[in-house]
Structure formats: C-alpha cells, structure tokens
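The file start_2.csv comes next; it holds CSV, C-alpha atoms (C1' of nucleotides).
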chain,number,residue,atom,x,y,z
A,1,MET,CA,116.0,85.4,103.3
A,2,SER,CA,115.6,81.7,104.0
A,3,ASP,CA,112.0,82.0,104.9
A,4,PRO,CA,110.3,80.8,101.7
A,5,LEU,CA,106.8,80.8,103.2
A,6,GLY,CA,107.3,84.3,104.6
A,7,GLN,CA,108.4,85.5,101.2
A,8,VAL,CA,105.3,84.1,99.5
A,9,PHE,CA,102.9,85.5,102.1
A,10,GLY,CA,104.7,88.8,102.0
A,11,ALA,CA,104.4,88.9,98.2
A,12,LEU,CA,100.7,88.1,98.4
A,13,ALA,CA,100.0,90.7,101.1
A,14,ASP,CA,100.1,93.6,98.6
A,15,PRO,CA,96.9,94.2,96.6
A,16,SER,CA,98.9,95.5,93.6
A,17,ARG,CA,100.9,92.3,93.5
A,18,ARG,CA,97.8,90.2,93.7
A,19,GLN,CA,96.4,92.2,90.8
A,20,VAL,CA,99.6,91.5,88.8
A,21,ILE,CA,99.1,87.8,89.4
A,22,GLY,CA,95.5,88.2,88.1
A,23,TYR,CA,96.6,89.9,85.0
A,24,LEU,CA,99.3,87.4,84.3
A,25,SER,CA,96.9,84.6,84.8
A,26,ALA,CA,94.4,86.2,82.4
A,27,ARG,CA,96.9,87.1,79.6
A,28,GLY,CA,99.6,84.5,80.0
A,29,THR,CA,102.5,86.9,79.7
A,30,ALA,CA,103.2,90.6,80.0
A,31,THR,CA,106.1,93.1,80.3
A,32,ALA,CA,106.5,95.6,83.1
A,33,THR,CA,105.6,98.4,80.7
A,34,GLU,CA,102.4,96.7,79.6
A,35,LEU,CA,101.3,96.1,83.2
A,36,THR,CA,102.0,99.8,84.0
A,37,GLY,CA,98.9,100.6,81.9
A,38,GLU,CA,96.8,98.7,84.4
A,39,LEU,CA,98.1,100.0,87.6
A,40,PRO,CA,98.2,103.6,89.0
A,41,MET,CA,102.0,103.7,89.4
A,42,THR,CA,105.2,104.1,87.5
A,43,ARG,CA,106.9,101.3,85.5
A,44,GLN,CA,109.7,101.2,88.0
A,45,ALA,CA,107.3,100.5,90.8
A,46,VAL,CA,105.7,97.7,88.8
A,47,ALA,CA,109.1,96.3,88.1
A,48,LYS,CA,109.8,96.2,91.8
A,49,HIS,CA,106.6,94.3,92.4
A,50,LEU,CA,107.5,91.8,89.7
A,51,ALA,CA,111.0,91.4,91.3
A,52,THR,CA,109.3,90.7,94.6
A,53,LEU,CA,107.0,88.1,93.0
A,54,ALA,CA,110.0,86.6,91.3
A,55,ASP,CA,111.9,86.3,94.5
A,56,ALA,CA,109.0,84.5,96.1
A,57,GLY,CA,109.0,82.1,93.1
A,58,LEU,CA,105.5,83.1,91.9
A,59,VAL,CA,106.7,84.6,88.6
A,60,GLU,CA,109.5,84.1,86.2
A,61,SER,CA,110.9,86.2,83.4
A,62,GLU,CA,112.7,85.8,80.1
A,63,ARG,CA,114.4,88.5,78.2
A,64,ARG,CA,113.6,88.5,74.5
A,65,GLY,CA,115.2,91.2,72.5
A,66,ARG,CA,114.7,94.5,74.2
A,67,GLU,CA,111.8,93.4,76.3
A,68,THR,CA,111.5,91.2,79.4
A,69,ARG,CA,108.3,89.0,79.5
A,70,PHE,CA,106.9,87.8,82.8
A,71,ARG,CA,104.7,84.8,83.4
A,72,LEU,CA,103.3,82.9,86.4
A,73,THR,CA,105.3,79.9,87.6
A,74,ASP,CA,103.5,76.7,88.5
A,75,ALA,CA,103.5,77.9,92.1
A,76,GLY,CA,102.1,81.3,91.0
A,77,ALA,CA,99.3,79.7,89.0
A,78,GLU,CA,98.4,77.5,92.1
A,79,TRP,CA,98.2,80.7,94.2
A,80,ASP,CA,96.0,82.4,91.6
A,81,ASP,CA,93.6,79.5,92.1
A,82,ARG,CA,93.8,79.6,95.9
A,83,LEU,CA,93.2,83.3,95.8
A,84,ASP,CA,90.0,82.9,94.0
A,85,ALA,CA,89.0,80.2,96.5
A,86,LEU,CA,89.9,82.4,99.4
A,87,ARG,CA,88.1,85.4,98.1
A,88,SER,CA,84.8,83.5,97.7
A,89,HIS,CA,85.4,81.8,101.0
A,90,LEU,CA,85.6,85.3,102.5
A,91,THR,CA,82.5,86.6,100.8
A,92,ARG,CA,80.6,83.5,101.8
A,93,HIS,CA,81.5,84.1,105.4
A,94,ARG,CA,80.8,87.8,105.4
A,95,ARG,CA,78.4,88.9,108.0
B,96,MET,CA,92.2,98.7,106.2
B,97,SER,CA,89.4,97.1,104.1
B,98,ASP,CA,91.8,94.6,102.5
B,99,PRO,CA,90.9,91.4,104.5
B,100,LEU,CA,93.0,89.2,102.3
B,101,GLY,CA,96.0,91.5,102.6
B,102,GLN,CA,95.6,91.6,106.4
B,103,VAL,CA,95.6,87.8,106.6
B,104,PHE,CA,98.7,87.4,104.3
B,105,GLY,CA,100.4,90.2,106.1
B,106,ALA,CA,99.8,88.5,109.4
B,107,LEU,CA,101.1,85.2,108.1
B,108,ALA,CA,104.2,86.7,106.5
B,109,ASP,CA,105.9,87.0,109.9
B,110,PRO,CA,107.6,83.8,111.2
B,111,SER,CA,107.0,84.7,114.8
B,112,ARG,CA,103.3,85.0,114.2
B,113,ARG,CA,103.2,81.7,112.4
B,114,GLN,CA,104.9,80.2,115.5
B,115,VAL,CA,102.3,81.8,117.7
B,116,ILE,CA,99.6,80.2,115.6
B,117,GLY,CA,101.4,76.8,116.0
B,118,TYR,CA,101.6,77.2,119.8
B,119,LEU,CA,98.0,78.2,120.0
B,120,SER,CA,97.0,75.2,117.9
B,121,ALA,CA,99.0,72.9,120.1
B,122,ARG,CA,97.9,74.3,123.5
B,123,GLY,CA,94.4,75.5,122.8
B,124,THR,CA,94.8,78.8,124.6
B,125,ALA,CA,97.6,81.0,126.0
B,126,THR,CA,98.3,84.5,127.3
B,127,ALA,CA,100.8,86.9,126.0
B,128,THR,CA,102.9,86.4,129.0
B,129,GLU,CA,102.9,82.6,128.5
B,130,LEU,CA,103.9,82.9,124.9
B,131,THR,CA,106.7,85.2,125.8
B,132,GLY,CA,108.5,82.2,127.3
B,133,GLU,CA,108.6,80.7,123.8
B,134,LEU,CA,109.7,83.6,121.7
B,135,PRO,CA,112.9,85.7,121.9
B,136,MET,CA,111.2,89.0,122.5
B,137,THR,CA,109.4,91.0,125.1
B,138,ARG,CA,105.9,90.5,126.2
B,139,GLN,CA,104.9,93.8,124.6
B,140,ALA,CA,106.2,92.6,121.2
B,141,VAL,CA,104.2,89.3,121.6
B,142,ALA,CA,101.1,91.3,122.5
B,143,LYS,CA,101.5,93.3,119.3
B,144,HIS,CA,101.8,90.1,117.2
B,145,LEU,CA,98.6,88.8,118.9
B,146,ALA,CA,96.9,92.1,118.1
B,147,THR,CA,97.9,91.8,114.5
B,148,LEU,CA,96.6,88.2,114.4
B,149,ALA,CA,93.3,89.4,116.0
B,150,ASP,CA,92.9,92.2,113.4
B,151,ALA,CA,93.3,89.6,110.7
B,152,GLY,CA,90.7,87.5,112.3
B,153,LEU,CA,93.0,84.5,113.0
B,154,VAL,CA,92.9,84.8,116.8
B,155,GLU,CA,90.4,85.9,119.4
B,156,SER,CA,90.8,86.9,123.0
B,157,GLU,CA,88.8,86.9,126.2
B,158,ARG,CA,89.7,88.7,129.4
B,159,ARG,CA,89.2,86.5,132.5
B,160,GLY,CA,90.2,88.2,135.7
B,161,ARG,CA,93.6,89.8,135.3
B,162,GLU,CA,94.6,87.7,132.3
B,163,THR,CA,93.7,87.8,128.7
B,164,ARG,CA,93.6,84.3,127.1
B,165,PHE,CA,94.0,84.0,123.3
B,166,ARG,CA,92.8,81.1,121.1
B,167,LEU,CA,92.6,80.5,117.4
B,168,THR,CA,89.4,81.4,115.6
B,169,ASP,CA,88.0,78.9,113.0
B,170,ALA,CA,89.8,80.9,110.3
B,171,GLY,CA,93.1,80.7,112.3
B,172,ALA,CA,92.7,76.9,112.7
B,173,GLU,CA,92.1,76.5,109.0
B,174,TRP,CA,95.2,78.4,108.3
B,175,ASP,CA,97.2,76.3,110.7
B,176,ASP,CA,96.2,73.3,108.6
B,177,ARG,CA,97.0,75.0,105.4
B,178,LEU,CA,100.4,76.0,106.7
B,179,ASP,CA,101.2,72.4,107.4
B,180,ALA,CA,100.2,71.5,103.9
B,181,LEU,CA,102.1,74.3,102.4
B,182,ARG,CA,105.2,73.5,104.3
B,183,SER,CA,105.2,69.9,103.2
B,184,HIS,CA,104.4,71.0,99.7
B,185,LEU,CA,107.5,73.2,99.8
B,186,THR,CA,109.7,70.4,101.1
B,187,ARG,CA,108.4,68.0,98.6
B,188,HIS,CA,109.3,70.4,95.8
B,189,ARG,CA,112.7,71.3,97.2
B,190,ARG,CA,115.5,70.6,94.7
C,191,DG,C1',123.6,106.5,61.9
C,192,DT,C1',119.9,108.5,64.6
C,193,DA,C1',115.8,108.3,67.0
C,194,DA,C1',112.7,105.8,69.6
C,195,DT,C1',111.5,102.1,72.8
C,196,DG,C1',112.2,99.0,76.8
C,197,DT,C1',115.0,98.1,80.7
C,198,DG,C1',117.8,98.4,84.8
C,199,DC,C1',120.1,100.8,88.5
C,200,DA,C1',120.6,104.2,92.2
C,201,DA,C1',119.2,107.8,95.2
C,202,DC,C1',115.8,109.6,97.7
C,203,DC,C1',111.3,110.3,100.6
C,204,DT,C1',107.6,108.8,103.5
C,205,DA,C1',105.0,105.5,106.0
C,206,DT,C1',104.9,101.2,108.2
C,207,DT,C1',106.8,97.3,110.7
C,208,DC,C1',109.1,95.1,114.5
C,209,DG,C1',111.2,95.6,118.3
C,210,DT,C1',112.4,98.3,122.5
C,211,DT,C1',111.7,100.9,127.3
C,212,DG,C1',109.0,103.2,130.7
C,213,DC,C1',105.0,103.8,133.2
C,214,DA,C1',100.1,103.5,134.7
C,215,DT,C1',96.3,100.6,135.8
C,216,DA,C1',93.5,96.3,137.1
C,217,DA,C1',93.1,92.2,139.7
C,218,DT,C1',94.6,88.8,142.9
C,219,DA,C1',97.4,87.0,147.0
C,220,DG,C1',99.1,87.5,151.7
D,221,DC,C1',96.2,97.4,153.2
D,222,DT,C1',100.3,96.2,150.5
D,223,DA,C1',102.8,93.5,147.3
D,224,DT,C1',102.7,91.0,143.2
D,225,DT,C1',101.2,89.7,138.8
D,226,DA,C1',99.2,90.5,134.1
D,227,DT,C1',97.9,94.0,131.0
D,228,DG,C1',97.7,98.1,128.3
D,229,DC,C1',99.3,102.4,126.4
D,230,DA,C1',102.7,105.6,124.4
D,231,DA,C1',107.0,107.2,122.7
D,232,DC,C1',110.9,106.0,120.5
D,233,DG,C1',114.4,103.9,117.1
D,234,DA,C1',116.2,101.1,113.3
D,235,DA,C1',115.0,98.7,109.3
D,236,DT,C1',112.0,97.6,105.5
D,237,DA,C1',108.3,98.7,102.0
D,238,DG,C1',106.3,101.1,98.4
D,239,DG,C1',106.6,104.7,95.7
D,240,DT,C1',109.0,108.5,93.1
D,241,DT,C1',112.6,110.8,89.8
D,242,DG,C1',116.7,110.9,87.0
D,243,DC,C1',119.8,108.8,84.1
D,244,DA,C1',122.6,105.3,81.5
D,245,DC,C1',122.4,101.4,78.5
D,246,DA,C1',120.6,97.9,75.1
D,247,DT,C1',117.8,96.8,71.2
D,248,DT,C1',115.0,97.8,67.4
D,249,DA,C1',112.9,101.0,63.7
D,250,DC,C1',113.6,104.3,60.0
Step by step, read the file and then write its structure as structure tokens.
Amino acid sequence: MSDPLGQVFGALADPSRRQVIGYLSARGTATATELTGELPMTRQAVAKHLATLADAGLVESERRGRETRFRLTDAGAEWDDRLDALRSHLTRHRR
Amino acid sequence: MSDPLGQVFGALADPSRRQVIGYLSARGTATATELTGELPMTRQAVAKHLATLADAGLVESERRGRETRFRLTDAGAEWDDRLDALRSHLTRHRR
DNA sequence: GTAATGTGCAACCTATTCGTTGCATAATAG
DNA sequence: CTATTATGCAACGAATAGGTTGCACATTAC
C-alpha cells in the first residue's frame, strides 16, 4: 500500500484487533484458534485480523508443526504501551 | 459510535486527513474551500474529511459570517506532534 | 492407515468509506 | 435588488472492510 502509517492506524482502528494486541501482550503468543475462544467471531475472521496486523508490522508469525503461533513485534509491543497511555489519557480528559 | 479510540485511529488512517491536520497545524485555521486548493478532490470531499476529524475530536469549527473556519483542537495538535515523531521513528527504522 | 486437529484459500454478503454530482440556502458585494 | 461566494445536504457509485460458510490440505494422534 506504501502508506505504512496509514496501515498502522487502520489496523488499530478496529476494537477486535486492539483486543488481539492486548491478548498477545498478556500471553506472549497465541494461535488464531486459541484467540477465537476470546472473540465473538469465527477462526477465519480472527485469522484475517491477524493478517491485517501482520501487514501493518504489529504482529509476526511462525509456523511450528501444524500450528501457526503469533506474537507482537517490537512495534506491536510499543503500540500496546501507547494504547494504555492513550486510554488513560482519554479517561483523564473525560468530561 | 462509543469507540473514541477507534474514531481517532480511523480518522488518522487516511492520508488526506493527515495532510489536513498538517495544513491546519501550519496555518492555524482554514475553511473547507481553502483546503480544497491543496488536495486533489472536491470541496464536498474535503468537508467530509473535516467532519470526520471533528467527530474524532481532532478539529473544531466556528461559523463566522458565510464561512466556517476550522482549527485543530488540543487533541489534534498533540496528534500532529505524535505524527511527526512516528514518521521519523519509521524512517529511522527503515531497512 | 485412519481419524482428528489446525490452517489456508476462495466465494459470497452486507455495511461502510471515499469520492462524485446536483441542488438549495445563507451571507456578502455591487 | 441581483449576482457572487461559501456552505450544507442528499443521492449515487465503486471499492474496501468485516464477517460468514464451505472445502481442501498438512500435521499429529491412535
């Protein structure tokens, strides 16, 4: 797409994807099938979200045997921190 | 929409809207008609982008006479700074 | 070898996004 | 008053997003 910043913001715009980032931050790694247990959607939908996050460079995957494990990249971990900061910033400025 | 963070990221995901933020940061205020000179699209398209930015709380408007002038909110100005930082962060990590 | 598990791919549907055009209205200029 | 300028609103169209189902394939368990 050649708009790296746009891809990152686009990826972060979806609440399900932000949840996925949160889960990956908490657990270290997970497979699409595992994450499906946490989200109200099919495995294929979760896989698409993971692909979007991977395209944005926030997540990376490694196939081990019959499963594909995902984890946050450094950029993804930085954004997980920024998200926490932004959320408390928002709550702080709620009126 | 009740997803303030999602609205902000969604607003920032579009390159034209990031440009609008840049222009407003440089000039202080502008009208939709003025901004149309800077972007390859119609005034109505620019007006929609401004409305999206306003919904996300990044921009605010005031009608004076027959024109409506837009300016960055505090949140919008903060994001303009963060965008600069993120861009140089990206270039620094280019390989 | 056969069954079970985890993935990946593709087609499809619906809603949203980003842009357009056309027109009606508000405010200023002459 | 009339013409011009700046907006706003609505309908429309093409493309993208977010989700679904169905199926084929790869890997492990028994």
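For the residues B:Thr163, B:Thr124, B:Gln114, B:Thr147, ranking by smallest atom-to-atom distance to chain D using only C-alpha atoms (C1' of nucleotides) places B:Thr163 first.
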Next on the checklist: Between CA of Trp174 in chain B and CA of Leu90 in chain A, what is the distance in Å, rounded to a tenth?
Outcome noted: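 Separation between CA of Trp174 in chain B and CA of Leu90 in chain A: 13.2 Å.
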Item to check | 10 Å contact set for Leu83 in chain A, only C-alpha atoms (C1' of nucleotides), chain neighbours under 3 positions out, as a ChimeraX atom specification | outcome: /A:12,18,21-22,77-80,86-89 /B:100
Checklist entry - Taking only C-alpha atoms (C1' of nucleotides) into account, what are the residues of chain C at most 10 Å from chain A, put as a list in words? => result DT195, DG196, DT197 and DG198 of chain C
Next on the checklist: Could you tell me which residues of chain D sit within 10 Å of chain B when counting only C-alpha atoms (C1' of nucleotides), and give me the result as a list of chain:residue names?
Outcome noted: D:DT225, D:DA226, D:DT227, D:DG228
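When C1' of DT207 in chain C is paired with CA of Ala140 in chain B, their separation reads 11.5 Å.
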Since the input lacks atoms, please generate N, CA and C atoms for range 121-138 of chain B and provide them as a PDB file, keeping the file's coordinate frame.
ATOM      1  N   ALA B 121      98.585  73.986 119.290  1.00  0.00           N
ATOM      2  CA  ALA B 121      99.000  72.900 120.100  1.00  0.00           C
ATOM      3  C   ALA B 121      98.391  72.939 121.527  1.00  0.00           C
ATOM      4  N   ARG B 122      98.295  74.139 122.086  1.00  0.00           N
ATOM      5  CA  ARG B 122      97.900  74.300 123.500  1.00  0.00           C
ATOM      6  C   ARG B 122      96.450  74.681 123.700  1.00  0.00           C
ATOM      7  N   GLY B 123      95.784  75.061 122.621  1.00  0.00           N
ATOM      8  CA  GLY B 123      94.400  75.500 122.800  1.00  0.00           C
ATOM      9  C   GLY B 123      94.354  77.001 123.107  1.00  0.00           C
ATOM     10  N   THR B 124      94.832  77.405 124.292  1.00  0.00           N
ATOM     11  CA  THR B 124      94.800  78.800 124.600  1.00  0.00           C
ATOM     12  C   THR B 124      96.156  79.189 125.282  1.00  0.00           C
ATOM     13  N   ALA B 125      96.442  80.480 125.285  1.00  0.00           N
ATOM     14  CA  ALA B 125      97.600  81.000 126.000  1.00  0.00           C
ATOM     15  C   ALA B 125      97.473  82.476 126.186  1.00  0.00           C
ATOM     16  N   THR B 126      98.223  83.008 127.144  1.00  0.00           N
ATOM     17  CA  THR B 126      98.300  84.500 127.300  1.00  0.00           C
ATOM     18  C   THR B 126      99.535  84.988 126.700  1.00  0.00           C
ATOM     19  N   ALA B 127      99.573  86.296 126.523  1.00  0.00           N
ATOM     20  CA  ALA B 127     100.800  86.900 126.000  1.00  0.00           C
ATOM     21  C   ALA B 127     101.981  86.602 126.819  1.00  0.00           C
ATOM     22  N   THR B 128     101.805  86.650 128.122  1.00  0.00           N
ATOM     23  CA  THR B 128     102.900  86.400 129.000  1.00  0.00           C
ATOM     24  C   THR B 128     103.431  84.953 128.875  1.00  0.00           C
ATOM     25  N   GLU B 129     102.524  83.993 128.749  1.00  0.00           N
ATOM     26  CA  GLU B 129     102.900  82.600 128.500  1.00  0.00           C
ATOM     27  C   GLU B 129     103.721  82.452 127.254  1.00  0.00           C
ATOM     28  N   LEU B 130     103.210  83.044 126.180  1.00  0.00           N
ATOM     29  CA  LEU B 130     103.900  82.900 124.900  1.00  0.00           C
ATOM     30  C   LEU B 130     105.245  83.572 124.889  1.00  0.00           C
ATOM     31  N   THR B 131     105.434  84.566 125.735  1.00  0.00           N
ATOM     32  CA  THR B 131     106.700  85.200 125.800  1.00  0.00           C
ATOM     33  C   THR B 131     107.831  84.271 126.157  1.00  0.00           C
ATOM     34  N   GLY B 132     107.509  83.238 126.930  1.00  0.00           N
ATOM     35  CA  GLY B 132     108.500  82.200 127.300  1.00  0.00           C
ATOM     36  C   GLY B 132     109.008  81.468 126.050  1.00  0.00           C
ATOM     37  N   GLU B 133     108.228  81.467 124.978  1.00  0.00           N
ATOM     38  CA  GLU B 133     108.600  80.700 123.800  1.00  0.00           C
ATOM     39  C   GLU B 133     109.244  81.463 122.699  1.00  0.00           C
ATOM     40  N   LEU B 134     109.217  82.765 122.811  1.00  0.00           N
ATOM     41  CA  LEU B 134     109.700  83.600 121.700  1.00  0.00           C
ATOM     42  C   LEU B 134     110.815  84.534 122.271  1.00  0.00           C
ATOM     43  N   PRO B 135     111.827  84.810 121.460  1.00  0.00           N
ATOM     44  CA  PRO B 135     112.900  85.700 121.900  1.00  0.00           C
ATOM     45  C   PRO B 135     112.610  87.136 121.816  1.00  0.00           C
ATOM     46  N   MET B 136     111.584  87.549 122.538  1.00  0.00           N
ATOM     47  CA  MET B 136     111.200  89.000 122.500  1.00  0.00           C
ATOM     48  C   MET B 136     110.409  89.295 123.729  1.00  0.00           C
ATOM     49  N   THR B 137     110.142  90.574 123.910  1.00  0.00           N
ATOM     50  CA  THR B 137     109.400  91.000 125.100  1.00  0.00           C
ATOM     51  C   THR B 137     107.942  90.685 125.024  1.00  0.00           C
ATOM     52  N   ARG B 138     107.314  90.761 126.182  1.00  0.00           N
ATOM     53  CA  ARG B 138     105.900  90.500 126.200  1.00  0.00           C
ATOM     54  C   ARG B 138     105.119  91.514 125.352  1.00  0.00           C
TER      55      ARG B 138
END
